[in-house]
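Structure file coords.cif with mmCIF, C-alpha atoms and all ligand atoms:
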```cif
data_upload
loop_
_atom_site.label_atom_id
_atom_site.label_comp_id
_atom_site.auth_asym_id
_atom_site.auth_seq_id
_atom_site.Cartn_x
_atom_site.Cartn_y
_atom_site.Cartn_z
CA MET G 648 0.00 0.00 0.00
CA GLY G 649 1.38 3.46 -0.92
CA ALA G 650 1.86 6.20 1.69
CA ASP G 651 -1.20 8.19 0.55
CA GLU G 652 -3.40 5.13 0.29
CA LEU G 653 -2.33 4.01 3.77
CA LYS G 654 -3.17 7.43 5.18
CA THR G 655 -6.60 7.33 3.55
CA VAL G 656 -7.31 3.92 5.06
CA ILE G 657 -6.14 5.06 8.51
CA ARG G 658 -8.40 8.13 8.26
CA GLU G 659 -11.37 6.00 7.22
CA ARG G 660 -10.82 3.62 10.11
CA ALA G 661 -10.36 6.56 12.51
CA GLN G 662 -13.71 7.94 11.31
CA ALA G 663 -15.33 4.58 11.92
CA PHE G 664 -14.15 4.87 15.55
CA GLY G 665 -15.71 8.34 15.86
CA PHE G 666 -12.61 10.42 15.18
CA SER G 667 -13.65 12.97 12.58
CA LEU G 668 -10.11 14.29 12.22
CA CYS G 669 -6.96 12.20 12.02
CA HIS G 670 -3.46 13.44 11.15
CA VAL G 671 0.08 12.18 11.55
CA THR G 672 3.35 13.74 12.67
CA ARG G 673 6.78 12.78 13.91
CA PRO G 674 7.21 12.64 17.73
CA GLU G 675 8.57 16.17 17.93
CA VAL G 676 7.19 19.54 18.95
CA ASP G 677 8.24 22.90 17.52
CA GLN G 678 10.77 24.96 19.45
CA LYS G 679 8.23 27.78 19.95
CA HIS G 680 6.04 25.38 21.95
CA VAL G 681 9.01 24.11 23.95
CA ASP G 682 10.04 27.68 24.84
CA ALA G 683 6.47 28.70 25.66
CA LEU G 684 6.05 25.69 27.97
CA GLN G 685 9.28 26.45 29.82
CA GLN G 686 8.36 30.10 30.27
CA TRP G 687 4.84 29.20 31.44
CA SER G 688 6.31 26.90 34.04
CA ASP G 689 9.10 29.33 35.10
CA GLU G 690 6.49 32.00 35.74
CA GLY G 691 4.38 29.61 37.84
CA LEU G 692 1.32 30.07 35.61
CA GLN G 693 0.26 26.47 36.23
CA GLY G 694 -1.06 27.48 39.67
CA ASP G 695 -1.56 24.54 42.04
CA MET G 696 -1.04 22.02 39.25
CA GLY G 697 2.49 21.48 40.54
CA TRP G 698 2.74 18.13 38.73
CA MET G 699 2.78 20.06 35.45
CA ALA G 700 5.99 21.80 36.45
CA GLU G 701 7.79 18.65 37.63
CA ALA G 702 11.07 18.40 35.74
CA VAL G 703 10.43 14.87 34.46
CA ARG G 704 6.99 15.71 33.16
CA LEU G 705 8.22 18.95 31.57
CA GLU G 706 10.95 17.08 29.74
CA ARG G 707 8.45 14.48 28.52
CA ARG G 708 6.19 17.20 27.16
CA LYS G 709 9.07 18.80 25.34
CA ASN G 710 10.31 15.46 23.96
CA PRO G 711 7.39 13.26 22.92
CA ALA G 712 9.89 10.61 21.84
CA THR G 713 10.48 9.85 25.54
CA MET G 714 6.92 8.54 25.86
CA LEU G 715 7.62 5.30 23.98
CA ASP G 716 10.90 3.60 23.08
CA GLY G 717 11.45 3.64 19.35
CA VAL G 718 8.37 5.78 18.59
CA LYS G 719 8.37 6.96 14.97
CA SER G 720 4.91 8.44 14.46
CA VAL G 721 2.19 10.19 16.41
CA ILE G 722 -1.39 9.93 15.17
CA SER G 723 -3.39 12.88 16.42
CA VAL G 724 -7.18 12.46 16.38
CA ALA G 725 -10.16 14.62 17.27
CA MET G 726 -13.60 13.62 18.53
CA LEU G 727 -16.25 16.31 18.02
CA TYR G 728 -18.73 17.32 20.70
CA THR G 729 -21.89 19.41 20.62
CA PRO G 730 -21.27 23.14 21.03
CA PRO G 731 -23.48 25.05 23.47
CA ASP G 732 -26.82 26.05 21.96
CA TYR G 733 -26.69 29.43 23.74
CA SER G 734 -24.46 32.47 23.55
CA GLN G 735 -22.57 33.60 26.62
CA ALA G 736 -24.90 36.60 26.91
CA GLU G 737 -27.93 34.26 26.99
CA ALA G 738 -26.26 32.06 29.59
CA ASP G 739 -25.36 35.11 31.71
CA SER G 740 -28.95 36.27 31.68
CA ARG G 741 -30.25 32.97 33.13
CA LYS G 742 -29.57 33.92 36.74
CA SER G 743 -30.96 30.71 38.26
CA SER G 744 -28.76 28.50 36.09
CA GLY G 745 -25.15 27.44 36.19
CA VAL G 746 -23.07 27.13 33.02
CA ILE G 747 -21.20 23.85 32.49
CA THR G 748 -18.59 23.61 29.76
CA ALA G 749 -20.05 21.94 26.67
CA TYR G 750 -17.77 18.89 26.58
CA ALA G 751 -19.05 17.97 30.05
CA HIS G 752 -22.77 18.08 29.16
CA GLY G 753 -22.70 14.38 28.27
CA ASP G 754 -20.71 11.37 29.48
CA ASP G 755 -17.03 11.35 30.43
CA TYR G 756 -14.99 11.21 27.25
CA HIS G 757 -11.74 9.84 28.70
CA GLU G 758 -12.68 6.17 28.86
CA ILE G 759 -14.67 6.29 25.62
CA MET G 760 -11.80 7.83 23.68
CA LYS G 761 -9.22 5.52 25.19
CA LYS G 762 -11.23 2.45 24.26
CA ARG G 763 -11.65 3.72 20.71
CA LEU G 764 -7.99 4.65 20.36
CA LYS G 765 -7.07 1.13 21.48
CA GLY G 766 -9.48 -0.27 18.88
CA LEU G 767 -7.87 1.84 16.16
CA ALA G 768 -4.38 0.86 17.36
CA ALA G 769 -5.34 -2.82 17.15
CA GLU G 770 -6.42 -2.31 13.54
CA LEU G 771 -3.12 -0.59 12.78
CA ASP G 772 -1.36 -3.71 14.02
CA VAL G 773 -3.33 -5.73 11.49
CA MET G 774 -2.62 -3.24 8.68
CA LEU G 775 1.05 -2.56 9.41
CA GLY G 776 2.19 -5.61 11.36
CA LYS G 777 2.72 -5.69 15.13
CA HIS G 778 4.26 -2.50 16.52
CA ASP G 779 4.66 -0.99 20.00
CA GLN G 780 1.93 1.56 20.60
CA ARG G 781 0.61 3.75 23.41
CA VAL G 782 -2.60 5.75 23.47
CA PHE G 783 -3.11 9.02 25.33
CA VAL G 784 -6.14 11.07 26.25
CA ASP G 785 -5.51 14.33 28.04
CA THR G 786 -3.96 13.09 31.30
CA ALA G 787 -0.42 12.11 30.19
CA PRO G 788 2.45 14.62 29.81
CA VAL G 789 1.82 15.13 26.11
CA LEU G 790 1.67 18.57 24.43
CA GLU G 791 -1.40 17.58 22.49
CA HIS G 792 -2.14 20.96 20.92
CA ALA G 793 1.46 21.35 19.71
CA LEU G 794 1.41 17.85 18.22
CA ALA G 795 -1.98 18.47 16.58
CA GLU G 796 -0.63 21.64 14.97
CA ARG G 797 2.48 19.89 13.71
CA ALA G 798 0.31 17.07 12.37
CA GLY G 799 -1.84 19.56 10.46
CA LEU G 800 -5.02 18.77 12.40
CA GLY G 801 -5.47 22.44 13.29
CA TRP G 802 -3.57 25.41 14.60
CA GLN G 803 -3.18 26.48 18.19
CA GLY G 804 -5.29 29.61 18.67
CA LYS G 805 -4.36 32.53 20.89
CA HIS G 806 -6.56 30.95 23.60
CA THR G 807 -4.21 27.88 23.33
CA LEU G 808 -6.87 25.44 22.06
CA THR G 809 -6.67 23.81 18.63
CA ILE G 810 -8.81 25.26 15.83
CA HIS G 811 -9.86 23.53 12.63
CA LYS G 812 -11.15 25.57 9.70
CA GLN G 813 -14.41 23.62 9.35
CA HIS G 814 -15.00 22.38 12.89
CA GLY G 815 -13.76 25.32 14.94
CA SER G 816 -12.49 24.16 18.33
CA TRP G 817 -15.39 22.03 19.58
CA PHE G 818 -13.47 18.76 19.79
CA LEU G 819 -11.33 16.66 22.11
CA LEU G 820 -7.87 15.44 21.19
CA GLY G 821 -6.26 12.04 21.61
CA GLU G 822 -3.06 10.44 20.33
CA ILE G 823 -1.62 7.10 19.31
CA PHE G 824 2.16 6.88 19.61
CA THR G 825 3.49 4.06 17.45
CA THR G 826 6.82 2.60 16.40
CA ALA G 827 5.35 2.21 12.90
CA GLU G 828 6.66 4.67 10.34
CA ILE G 829 3.78 6.60 8.76
CA GLU G 830 4.25 9.50 6.38
CA PRO G 831 3.73 12.75 8.36
CA ASP G 832 1.20 15.39 7.26
CA GLN G 833 1.99 19.03 6.71
CA ARG G 834 1.95 21.37 9.68
CA ALA G 835 -1.19 23.56 9.95
CA ASP G 836 -0.95 27.28 9.26
CA ASN G 837 -2.16 29.73 11.87
CA HIS G 838 -5.30 31.69 10.91
CA CYS G 839 -5.83 33.85 14.02
CA GLY G 840 -4.43 36.84 12.15
CA SER G 841 -4.99 40.15 13.92
CA CYS G 842 -8.01 38.84 15.86
CA SER G 843 -7.84 39.18 19.64
CA ALA G 844 -11.47 38.48 20.54
CA CYS G 845 -10.68 35.70 23.01
CA ILE G 846 -8.08 37.83 24.80
CA ASP G 847 -10.43 40.82 25.00
CA LEU G 848 -13.49 38.85 26.09
CA CYS G 849 -12.00 36.51 28.69
CA PRO G 850 -13.94 37.36 31.86
CA THR G 851 -10.91 37.05 34.15
CA GLN G 852 -8.29 38.33 31.69
CA ALA G 853 -6.59 34.95 31.98
CA ILE G 854 -5.09 35.10 28.47
CA ILE G 855 -2.23 37.34 29.52
CA ALA G 856 -0.62 37.35 26.05
CA PRO G 857 -1.37 35.58 22.76
CA TYR G 858 -0.94 31.82 23.36
CA VAL G 859 -0.34 32.26 27.12
CA VAL G 860 -3.06 31.39 29.65
CA ASP G 861 -2.44 32.08 33.32
CA ALA G 862 -4.14 29.03 34.79
CA ARG G 863 -4.44 30.77 38.16
CA ARG G 864 -6.97 33.19 36.60
CA CYS G 865 -8.65 30.78 34.18
CA ILE G 866 -12.18 29.75 35.18
CA SER G 867 -11.65 26.27 33.73
CA TYR G 868 -8.77 25.72 36.14
CA LEU G 869 -10.45 27.43 39.08
CA THR G 870 -13.72 25.50 38.80
CA ILE G 871 -12.28 22.07 37.91
CA GLU G 872 -8.67 21.65 38.99
CA PHE G 873 -8.34 24.02 41.93
CA ASP G 874 -9.43 22.48 45.22
CA GLY G 875 -9.27 25.49 47.53
CA PHE G 876 -10.88 28.79 48.43
CA ILE G 877 -11.17 30.82 45.22
CA PRO G 878 -9.61 34.30 45.57
CA ASP G 879 -12.29 36.92 46.29
CA ALA G 880 -11.37 39.13 43.35
CA LEU G 881 -11.97 36.29 40.89
CA ARG G 882 -15.28 35.07 42.37
CA THR G 883 -17.28 38.00 41.06
CA LEU G 884 -15.74 37.62 37.58
CA MET G 885 -16.81 33.96 37.37
CA GLY G 886 -20.48 34.90 36.98
CA ASN G 887 -22.54 31.70 36.74
CA ARG G 888 -19.85 29.40 35.32
CA ILE G 889 -19.81 26.35 37.61
CA TYR G 890 -17.74 23.78 35.69
CA GLY G 891 -15.24 25.00 33.11
CA CYS G 892 -15.70 27.94 30.79
CA ASP G 893 -16.35 28.20 27.05
CA ASP G 894 -16.20 31.97 26.67
CA CYS G 895 -13.00 32.10 24.62
CA GLN G 896 -14.43 29.45 22.29
CA LEU G 897 -17.87 31.07 22.04
CA VAL G 898 -16.36 34.34 20.92
CA CYS G 899 -13.94 32.82 18.40
CA PRO G 900 -15.03 33.62 14.83
CA TRP G 901 -13.90 30.19 13.66
CA ASN G 902 -16.57 28.65 15.86
CA GLY G 903 -19.16 30.91 14.27
CA HIS G 904 -18.40 29.17 10.97
CA ALA G 905 -18.08 25.68 12.47
CA ALA G 906 -20.09 22.87 10.91
CA LYS G 907 -22.46 21.99 13.75
CA GLY G 908 -23.84 18.53 14.40
CA GLU G 909 -21.86 16.57 11.81
CA GLY G 910 -19.79 13.68 13.14
CA ILE G 911 -20.82 14.09 16.78
CA ASP G 912 -21.22 10.91 18.76
CA VAL G 913 -24.85 10.94 19.77
CA ASP G 914 -24.47 8.18 22.35
CA TYR G 915 -21.86 9.86 24.50
CA LEU G 916 -21.23 13.49 23.78
CA MET G 917 -24.73 14.87 23.30
CA PRO G 918 -25.88 17.26 26.02
CA LYS G 919 -27.87 15.81 28.86
CA GLY G 920 -30.74 18.24 29.43
CA GLU G 921 -30.04 18.60 33.14
CA ASN G 922 -26.44 19.73 32.54
CA ASN G 923 -27.34 22.23 29.83
CA LEU G 924 -27.74 25.38 31.94
CA ALA G 925 -28.13 23.41 35.17
CA ASP G 926 -30.54 24.47 37.89
CA LEU G 927 -28.45 25.97 40.73
CA ALA G 928 -31.01 25.40 43.48
CA SER G 929 -31.22 21.65 42.73
CA LEU G 930 -27.45 21.30 42.61
CA LEU G 931 -27.09 22.86 46.05
CA LEU G 932 -29.40 20.17 47.45
CA LEU G 933 -27.16 17.28 46.34
CA ASP G 934 -25.70 15.21 49.17
CA GLU G 935 -22.73 12.89 48.57
CA GLU G 936 -24.91 9.99 47.45
CA ALA G 937 -27.07 12.10 45.14
CA PHE G 938 -23.95 13.73 43.65
CA ARG G 939 -22.41 10.30 43.02
CA ILE G 940 -25.53 9.02 41.32
CA ARG G 941 -26.10 12.11 39.15
CA PHE G 942 -22.50 12.43 37.96
CA ARG G 943 -21.24 8.86 37.99
CA ARG G 944 -20.82 8.83 34.18
CA SER G 945 -19.94 12.50 33.86
CA PRO G 946 -16.54 14.24 33.91
CA ILE G 947 -18.06 16.54 36.54
CA LYS G 948 -17.35 13.91 39.20
CA ARG G 949 -13.74 15.16 39.03
CA THR G 950 -14.53 18.22 41.16
CA LYS G 951 -16.19 16.06 43.81
CA ARG G 952 -19.31 17.40 45.51
CA ARG G 953 -17.35 19.95 47.52
CA GLY G 954 -15.81 21.55 44.41
CA LEU G 955 -19.05 21.72 42.45
CA LEU G 956 -21.11 23.08 45.35
CA ARG G 957 -18.39 25.65 46.06
CA ASN G 958 -18.82 26.83 42.47
CA VAL G 959 -22.61 26.77 42.81
CA CYS G 960 -22.36 29.01 45.92
CA ILE G 961 -20.28 31.50 43.92
CA ALA G 962 -22.75 31.49 41.02
CA MET G 963 -25.59 32.09 43.50
CA GLY G 964 -23.66 34.93 45.12
CA ASN G 965 -23.25 36.53 41.70
CA SER G 966 -26.90 35.98 40.69
CA GLY G 967 -28.65 38.72 42.65
CA VAL G 968 -31.45 36.17 43.29
CA ALA G 969 -32.54 36.60 46.92
CA ALA G 970 -34.57 33.37 46.70
CA PHE G 971 -31.27 31.46 47.01
CA VAL G 972 -30.78 32.68 50.60
CA PRO G 973 -32.65 29.80 52.37
CA GLY G 974 -30.68 27.16 50.42
CA LEU G 975 -27.40 28.85 51.24
CA LEU G 976 -28.33 29.05 54.93
CA ASN G 977 -28.92 25.29 54.83
CA VAL G 978 -25.35 24.58 53.69
CA LEU G 979 -23.75 27.03 56.10
CA ASN G 980 -23.05 24.10 58.41
CA ASP G 981 -22.21 21.59 55.64
CA GLN G 982 -19.55 19.01 56.49
CA GLU G 983 -17.27 20.53 53.80
CA SER G 984 -15.41 23.69 54.75
CA LEU G 985 -15.20 24.81 51.11
CA ILE G 986 -18.99 24.84 50.89
CA ARG G 987 -19.48 26.57 54.27
CA GLY G 988 -16.97 29.29 53.41
CA HIS G 989 -18.31 30.08 49.94
CA ALA G 990 -21.91 29.96 51.20
CA ALA G 991 -21.00 32.68 53.72
CA TRP G 992 -19.55 34.82 50.91
CA ALA G 993 -22.65 34.33 48.77
CA LEU G 994 -25.02 35.14 51.65
CA ALA G 995 -23.29 38.45 52.25
CA ARG G 996 -23.89 39.38 48.61
CA LEU G 997 -27.51 38.28 48.46
CA CYS G 998 -29.11 39.35 51.69
CA ASP G 999 -31.45 42.31 51.47
CA GLN G 1000 -33.23 44.51 54.05
CA GLN G 1001 -35.69 41.69 54.75
CA SER G 1002 -33.23 38.87 55.26
CA CYS G 1003 -30.10 40.63 56.57
CA GLU G 1004 -30.81 40.27 60.30
CA MET G 1005 -31.61 36.57 59.92
CA VAL G 1006 -28.50 35.98 57.78
CA LEU G 1007 -26.35 37.91 60.22
CA SER G 1008 -27.43 35.82 63.19
CA ALA G 1009 -26.91 32.57 61.21
CA LEU G 1010 -23.39 33.67 60.29
CA ARG G 1011 -22.62 34.62 63.91
CA LEU G 1012 -23.95 31.30 65.18
CA GLN G 1013 -21.81 29.42 62.70
CA LEU G 1014 -18.75 31.49 63.64
CA GLU G 1015 -19.12 30.41 67.27
CA LYS G 1016 -19.08 26.73 66.23
CA GLU G 1017 -16.53 27.02 63.42
CA SER G 1018 -13.05 25.55 63.86
CA ASP G 1019 -11.62 25.87 60.32
CA PRO G 1020 -9.55 29.09 60.13
CA ALA G 1021 -10.31 29.69 56.44
CA VAL G 1022 -14.06 29.44 57.02
CA MET G 1023 -13.78 31.63 60.13
CA GLN G 1024 -12.18 34.26 57.96
CA GLU G 1025 -14.98 33.98 55.36
CA LEU G 1026 -17.64 34.26 58.09
CA THR G 1027 -15.95 37.25 59.69
CA SER G 1028 -15.65 39.09 56.43
CA ALA G 1029 -19.27 38.25 55.44
CA ILE G 1030 -20.49 39.61 58.81
CA LYS G 1031 -18.44 42.78 58.33
CA ASP G 1032 -19.81 43.30 54.79
CA ILE G 1033 -23.42 42.91 55.96
CA LYS G 1034 -22.93 45.27 58.92
CA GLU G 1035 -21.67 47.90 56.52
CA LEU G 1036 -24.88 47.54 54.53
CA LEU G 1037 -27.20 47.98 57.55
S1 LIG G 1101 -11.62 29.26 29.57
FE1 LIG G 1101 -12.65 31.16 30.19
S2 LIG G 1101 -11.37 32.01 31.82
FE2 LIG G 1101 -10.13 30.46 30.73
S3 LIG G 1101 -9.04 31.59 29.17
FE3 LIG G 1101 -10.93 30.90 28.19
S4 LIG G 1101 -12.38 32.59 28.51
FE4 LIG G 1101 -10.69 32.91 29.90
S1 LIG G 1102 -10.81 34.38 19.06
FE1 LIG G 1102 -9.48 35.14 17.43
S2 LIG G 1102 -7.44 35.20 18.38
FE2 LIG G 1102 -8.73 33.93 19.68
S3 LIG G 1102 -8.35 31.86 18.96
FE3 LIG G 1102 -10.14 32.61 17.84
S4 LIG G 1102 -9.30 33.48 15.95
FE4 LIG G 1102 -7.60 33.23 17.36
#
```
Since I need it in another form, could you write the structure as structure tokens?
Ligand code: SF4
Ligand code: SF4
Amino acid sequence: MGADELKTVIRERAQAFGFSLCHVTRPEVDQKHVDALQQWSDEGLQGDMGWMAEAVRLERRKNPATMLDGVKSVISVAMLYTPPDYSQAEADSRKSSGVITAYAHGDDYHEIMKKRLKGLAAELDVMLGKHDQRVFVDTAPVLEHALAERAGLGWQGKHTLTIHKQHGSWFLLGEIFTTAEIEPDQRADNHCGSCSACIDLCPTQAIIAPYVVDARRCISYLTIEFDGFIPDALRTLMGNRIYGCDDCQLVCPWNGHAAKGEGIDVDYLMPKGENNLADLASLLLLDEEAFRIRFRRSPIKRTKRRGLLRNVCIAMGNSGVAAFVPGLLNVLNDQESLIRGHAAWALARLCDQQSCEMVLSALRLQLEKESDPAVMQELTSAIKDIKELL
């Protein structure tokens, strides 16, 4: 089989496994990505994701060849998911709802993609003879966007995600590393041009320069990866985003042109109604068991109940909806300090002339019982804020 014919067959088989895009490169990343990664790490922009800055992992990202002995080719694939069916302005205006990033509206993609990549790798073994192969989805130290760009799958936009001319950026990436030699594709050209919409529109100004995201300010990091008390100054900027953030994708003109609906896996990645602008009040009622049941097949389980309800408290605090006050009072003595602390913050922002006295006494009562210093600080500052209002 000739090189072109082989590539066509691989692409057809990749499509059969649900990968709408499939491109090949050598196990190398461009120097600009290596330098950018080093600078990002030197400046500590990875936040609490210390594992990303570990020397061994950094080196692996810079040198994909270290991920598999004798690796000759990297197959970069993309699985499309359904974009949100609302604009950010529409989502912002739904004060009783929380916004969940679109890829998390359906089932968890990690296991699905891994299984499919393994299926495709097994077929490659039949086509090309037995070779060593490894498959990766998101969690390994692999610079997936840099590899996708080098493979010609799409270019890395200024928001750092990969963009494809027809499909925009609504897809998830995966890779097969193989010792088989497959003709590489041409690197993708960058088509961001003079656009800076994602930089200008990012609610927390997390894109501090083209192609550089300060994770410590990024809502995706804060709501999913970060397991602590979210800095006060960022809480108000988060609006009603409770799991991830799609703002930089929603504003990207390439997503305005994206072919919607084609090639999306209806079994796994279609939105589940309840996660498409989720009801904040119902989420705040979830106990551990109810959280486990609702999100057992969803990537949202990653935040655990305490992370998600922390985010829900922030969204409520930003909503201006006084009807959330009773629910927030109920979680003021939750077993999780993260929830208690952020509920106190939200209560201080929501209470009005009618509810302030009641909220104030609940906060004082909780402060007397509280033993966690971080929550004590939240309670004290909430009490101070309310007293200033009275
Ligand atoms: S995901 Fe949201 S917060 Fe993060 S860079 Fe994009 S727009 Fe900014
Ligand atoms: S919004 Fe503009 S600058 Fe940002 S990724 Fe899209 S095209 Fe590039």
Tell me, counting only C-alpha atoms and all ligand atoms, for each residue of chain G within 7 Å of ligand LIG 1102 (chain G), which pair of atoms is nearest and how far apart they are in Å to one decimal, in rows ordered by chain and increasing number, as CSV.
```
residue,atom,partner,partner_atom,distance
G:Gly804,CA,G:LIG1102,S3,3.8
G:Lys805,CA,G:LIG1102,S3,4.5
G:His806,CA,G:LIG1102,S3,5.1
G:His838,CA,G:LIG1102,S4,6.7
G:Cys839,CA,G:LIG1102,FE4,3.8
G:Cys842,CA,G:LIG1102,FE1,4.3
G:Ser843,CA,G:LIG1102,S2,4.2
G:Ala844,CA,G:LIG1102,S1,4.4
G:Cys845,CA,G:LIG1102,S1,4.2
G:Ile846,CA,G:LIG1102,FE2,6.5
G:Cys895,CA,G:LIG1102,S1,6.4
G:Gln896,CA,G:LIG1102,S1,6.9
G:Val898,CA,G:LIG1102,S1,5.9
G:Cys899,CA,G:LIG1102,S1,3.6
G:Pro900,CA,G:LIG1102,FE3,5.8
G:Trp901,CA,G:LIG1102,S4,6.1
```
If you take all atoms listed in the file and a cut-off of 12 Å, which residues of chain G touch ligand LIG 1101 (chain G), and what are their nearest atom pairs and distances in Å to one decimal, in chain and number order, as CSV?
```
residue,atom,partner,partner_atom,distance
G:Gln735,CA,G:LIG1101,S4,10.4
G:Val746,CA,G:LIG1101,FE1,11.5
G:Ile747,CA,G:LIG1101,S1,11.4
G:Thr748,CA,G:LIG1101,S1,9.0
G:Ala749,CA,G:LIG1101,S1,11.5
G:Gly804,CA,G:LIG1101,FE3,11.1
G:Lys805,CA,G:LIG1101,S3,9.6
G:His806,CA,G:LIG1101,S3,6.1
G:Thr807,CA,G:LIG1101,S3,8.4
G:Leu808,CA,G:LIG1101,FE3,9.2
G:Ser843,CA,G:LIG1101,S4,11.9
G:Ala844,CA,G:LIG1101,S4,10.0
G:Cys845,CA,G:LIG1101,S4,6.5
G:Ile846,CA,G:LIG1101,FE4,7.6
G:Asp847,CA,G:LIG1101,S4,9.2
G:Leu848,CA,G:LIG1101,S4,6.8
G:Cys849,CA,G:LIG1101,S4,3.9
G:Pro850,CA,G:LIG1101,FE4,5.8
G:Thr851,CA,G:LIG1101,S2,5.6
G:Gln852,CA,G:LIG1101,FE4,6.2
G:Ala853,CA,G:LIG1101,S3,5.0
G:Ile854,CA,G:LIG1101,S3,5.3
G:Ile855,CA,G:LIG1101,S3,8.9
G:Ala856,CA,G:LIG1101,S3,10.7
G:Pro857,CA,G:LIG1101,S3,10.8
G:Tyr858,CA,G:LIG1101,S3,10.0
G:Val859,CA,G:LIG1101,S3,9.0
G:Val860,CA,G:LIG1101,S3,6.0
G:Asp861,CA,G:LIG1101,S3,7.8
G:Ala862,CA,G:LIG1101,FE2,7.4
G:Arg863,CA,G:LIG1101,FE2,9.4
G:Arg864,CA,G:LIG1101,S2,6.6
G:Cys865,CA,G:LIG1101,FE2,3.8
G:Ile866,CA,G:LIG1101,S2,4.1
G:Ser867,CA,G:LIG1101,S1,5.1
G:Tyr868,CA,G:LIG1101,FE2,7.3
G:Leu869,CA,G:LIG1101,S2,8.6
G:Thr870,CA,G:LIG1101,S2,9.8
G:Ile871,CA,G:LIG1101,S1,11.0
G:Leu881,CA,G:LIG1101,S2,10.0
G:Arg882,CA,G:LIG1101,S2,11.7
G:Leu884,CA,G:LIG1101,S2,9.2
G:Met885,CA,G:LIG1101,S2,8.0
G:Gly886,CA,G:LIG1101,S2,10.9
G:Asn887,CA,G:LIG1101,FE1,11.9
G:Arg888,CA,G:LIG1101,FE1,9.0
G:Ile889,CA,G:LIG1101,FE1,11.4
G:Tyr890,CA,G:LIG1101,S1,10.2
G:Gly891,CA,G:LIG1101,S1,6.6
G:Cys892,CA,G:LIG1101,S1,4.5
G:Asp893,CA,G:LIG1101,S1,5.5
G:Asp894,CA,G:LIG1101,S4,4.3
G:Cys895,CA,G:LIG1101,S4,4.0
G:Gln896,CA,G:LIG1101,FE3,7.0
G:Leu897,CA,G:LIG1101,S4,8.6
G:Val898,CA,G:LIG1101,S4,8.7
G:Cys899,CA,G:LIG1101,S4,10.2
```
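The residue that comes closest to Gly649 (chain G), out of G:Asp1019, G:Asp981, G:Glu830, G:Glu701 and on the basis of all atoms listed in the file, is G:Glu830.
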Let me know the centre plus edge lengths, in Å and rounded to one decimal, of a box with edges along x, y and z that contains all listed atoms of region 663-678 of chain G and is padded by 4 Å on every side, as lines of an AutoDock Vina configuration file.
```
center_x = -2.5
center_y = 14.8
center_z = 15.3
size_x = 34.5
size_y = 28.4
size_z = 16.3
```
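Among the candidates G:Gly967, G:Gly753, G:Pro674, G:Gly691, the residue lying nearest to Ile722 (chain G) is G:Pro674 (atoms considered: only C-alpha atoms).
Counting all atoms listed in the file, the residue from G:Gly694, G:Gly840, G:Pro788, G:Gly776 that sits nearest to Asp874 (chain G) is G:Gly694.
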Can you pull region 833-844 of chain G out of that block with N, CA and C atoms and hand it back as a tab-separated table (two decimals), in the first residue's frame?
```tsv
chain	number	residue	atom	x	y	z
G	833	GLN	N	1.40	17.69	6.63
G	833	GLN	CA	1.99	19.03	6.71
G	833	GLN	C	1.46	19.80	7.91
G	834	ARG	N	2.33	20.53	8.53
G	834	ARG	CA	1.95	21.37	9.68
G	834	ARG	C	0.82	22.33	9.28
G	835	ALA	N	-0.08	22.63	10.24
G	835	ALA	CA	-1.19	23.56	9.95
G	835	ALA	C	-0.72	25.00	10.05
G	836	ASP	N	-1.24	25.84	9.17
G	836	ASP	CA	-0.95	27.28	9.26
G	836	ASP	C	-1.86	27.91	10.31
G	837	ASN	N	-1.37	29.00	10.88
G	837	ASN	CA	-2.16	29.73	11.87
G	837	ASN	C	-3.07	30.74	11.16
G	838	HIS	N	-4.35	30.77	11.55
G	838	HIS	CA	-5.30	31.69	10.91
G	838	HIS	C	-5.96	32.63	11.93
G	839	CYS	N	-5.28	32.88	13.05
G	839	CYS	CA	-5.83	33.85	14.02
G	839	CYS	C	-5.70	35.27	13.47
G	840	GLY	N	-4.64	35.51	12.72
G	840	GLY	CA	-4.43	36.84	12.15
G	840	GLY	C	-4.38	37.91	13.23
G	841	SER	N	-5.05	39.04	12.97
G	841	SER	CA	-4.99	40.15	13.92
G	841	SER	C	-6.11	40.07	14.97
G	842	CYS	N	-6.90	38.99	14.91
G	842	CYS	CA	-8.01	38.84	15.86
G	842	CYS	C	-7.47	38.75	17.29
G	843	SER	N	-8.22	39.33	18.23
G	843	SER	CA	-7.84	39.18	19.64
G	843	SER	C	-9.11	39.03	20.49
G	844	ALA	N	-10.18	38.53	19.85
G	844	ALA	CA	-11.47	38.48	20.54
G	844	ALA	C	-11.41	37.66	21.83
```
